[in-house]
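Asker: I'd like to ask some things about the structure below.
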Amino acid sequence: MISNHSTPKQTGKPLWFFVCIAILGAGIASYILLLAFESAPEQRDPAELIPLVDVSPLQYRDSPLLIEGNGIVVPKAAIALSSQVNGEIVSLHPNMVSGGAFEEGELILQIDPRTYQANLDEAEAIQAANNANLEFLNRQVERLRSLRENDFAGEEALEDSINRRAQTIAAIARQQAIIDNRTLDLERSSIRAPFTGRIYDESVDMGDIVAPGRELARFYASDEVEVVVSLNADDSVFIPDLWTQGQSDSTGRRAWVTVDHGGNSYQWQGYVHRVESDIDRITRTVDVVVRIPAPFTPGTPVAELELPVALEAPPLLVGMYSNVAIEGMTIPGHFVLPVSTVHQNNTLWIVAGESRLKEVPVDFIRQEGNQAVLLAPDLPEGTPIIISDIALVADGMRIQVNPVPRGDIN
């Protein structure tokens, strides 16, 4: 007998399902409790950002303004030495080379003088004969005049002697001119330094035959050199008496010439010699001529590199590029600050009471390099000037002060 057994049907959910439901419910209940008992966050005001600034005390300056420019060192005088007579070079000074130095009147070279000496001797001999003849005629005239007074000589003989004496006097004058000319030729055979200077270059040697007009060397004065400084009108007006400077001595305004050489800076003192008579048509500038005495004296070091060896200071050589500072007028109560400290509408930032920034107006006079020359009569000396840059500025804003020594301002 076959019996039919049927498997009972599964009803209801598995146990793991109810466990998950329980865990989820517990989590939701915990979150609700946390929200219910969470404390409110503490409310705080945002922190105030107070900028830290560098300041330096205001110091007035009593020294004159400095009018700056630059230029190339050039000789005050430069000439070409040329021969004025014919002849052979028979003597040459050892310094007749490029860079050779000579004192005024020193012999540079000698052209063979024998021909010119012989010509002079001949002319002087003729003159001696003329003088002897004149003495004879003077005696003859006096003798004939005495005889004529006693009627021992005729009038015609006396007049003839007087006439021959006059001709001799004229011959003596003519011969003296010849002597002067031949003396000059003899002197010209000796070429001497016209002033204290140096040879720039030369083109002659022993034995050369030279002719009048031939250039033998180029020679420039070495007792003083010049720098021509081009200044615009806005700068030149600050040099007192610029158009009436003395041109014969060193009485002009003081000037300082600085050159860089071998990584170091050297300085020489000079003076304003003159100003050119017109304004440059292209650059619209005024050319001021500064002269420097004794340029071959070593310069005074201004800013030296720290090297393990001592370097020799150079002379002020022709062709050097130089920076020039000319003594300008004195403006009472002025001061200088970096140009970067002068802000819009010519204002400065100063520190007022309780570390507050204050904007004050100033008068801008001129610029000296990276320095501004300013006037502010209402600012007392020692007023703390803000020299830092601030991105956002408001008059009266709070600041933190970081003092900076006056000498550290750049």
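The way I read the labels, and the way they are meant: chains A, B, ... in the order of the structure tokens, residue 1 as the first residue of every chain, and ligand 1 as the first ligand shown, with later ones counted on from there.
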I need the helix (DSSP H, G or I) residues of stretch 224-375 of chain A per DSSP on the backbone, written as a list in words.

Answerer: Ala233, Asp234, Asp235, Ser236, Leu242, Trp243, Thr244, Val339, Ser340 and Thr341 of chain A

Asker: Can you pull out every residue within 9 Å of stretch 113-124 of chain A, counting only C-alpha atoms, but drop anything in the same chain fewer than 5 positions away, and send it as a VMD selection string?

Answerer: chain A and resid 87 to 88 90 129 175 to 176 178 to 183 185 to 187 189 to 190

Asker: Go ahead and write the residues just picked, C-alpha atoms, as a PDB file, in the first residue's frame.

Answerer:
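Resulting contents of out28.pdb:
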ATOM      1  CA  GLY A  87     113.143 117.259 -41.148  1.00  0.00           C
ATOM      2  CA  GLU A  88     114.288 113.988 -39.673  1.00  0.00           C
ATOM      3  CA  VAL A  90     116.700 112.720 -34.314  1.00  0.00           C
ATOM      4  CA  ALA A 129     126.962 143.594 -40.919  1.00  0.00           C
ATOM      5  CA  GLN A 175     116.612 141.362 -41.434  1.00  0.00           C
ATOM      6  CA  GLN A 176     115.222 141.259 -37.893  1.00  0.00           C
ATOM      7  CA  ILE A 178     113.995 137.187 -41.098  1.00  0.00           C
ATOM      8  CA  ILE A 179     115.835 136.384 -37.852  1.00  0.00           C
ATOM      9  CA  ASP A 180     112.526 136.120 -35.955  1.00  0.00           C
ATOM     10  CA  ASN A 181     111.117 133.769 -38.597  1.00  0.00           C
ATOM     11  CA  ARG A 182     114.222 131.534 -38.600  1.00  0.00           C
ATOM     12  CA  THR A 183     114.273 131.548 -34.802  1.00  0.00           C
ATOM     13  CA  ASP A 185     111.582 127.573 -37.324  1.00  0.00           C
ATOM     14  CA  LEU A 186     114.375 126.478 -35.014  1.00  0.00           C
ATOM     15  CA  GLU A 187     112.020 126.460 -32.042  1.00  0.00           C
ATOM     16  CA  SER A 189     112.017 121.740 -34.626  1.00  0.00           C
ATOM     17  CA  SER A 190     111.646 121.001 -30.900  1.00  0.00           C
TER      18      SER A 190
END

Asker: Identify, on the basis of only C-alpha atoms, every residue whose closest approach to stretch 133-145 of chain A does not exceed 8 Å; exclude the query and any residue fewer than 2 positions from it along the same chain; express the result as number ranges by chain.

Answerer: A: 129-131, 147-149, 153, 157-158, 161-162, 164-165, 168-169
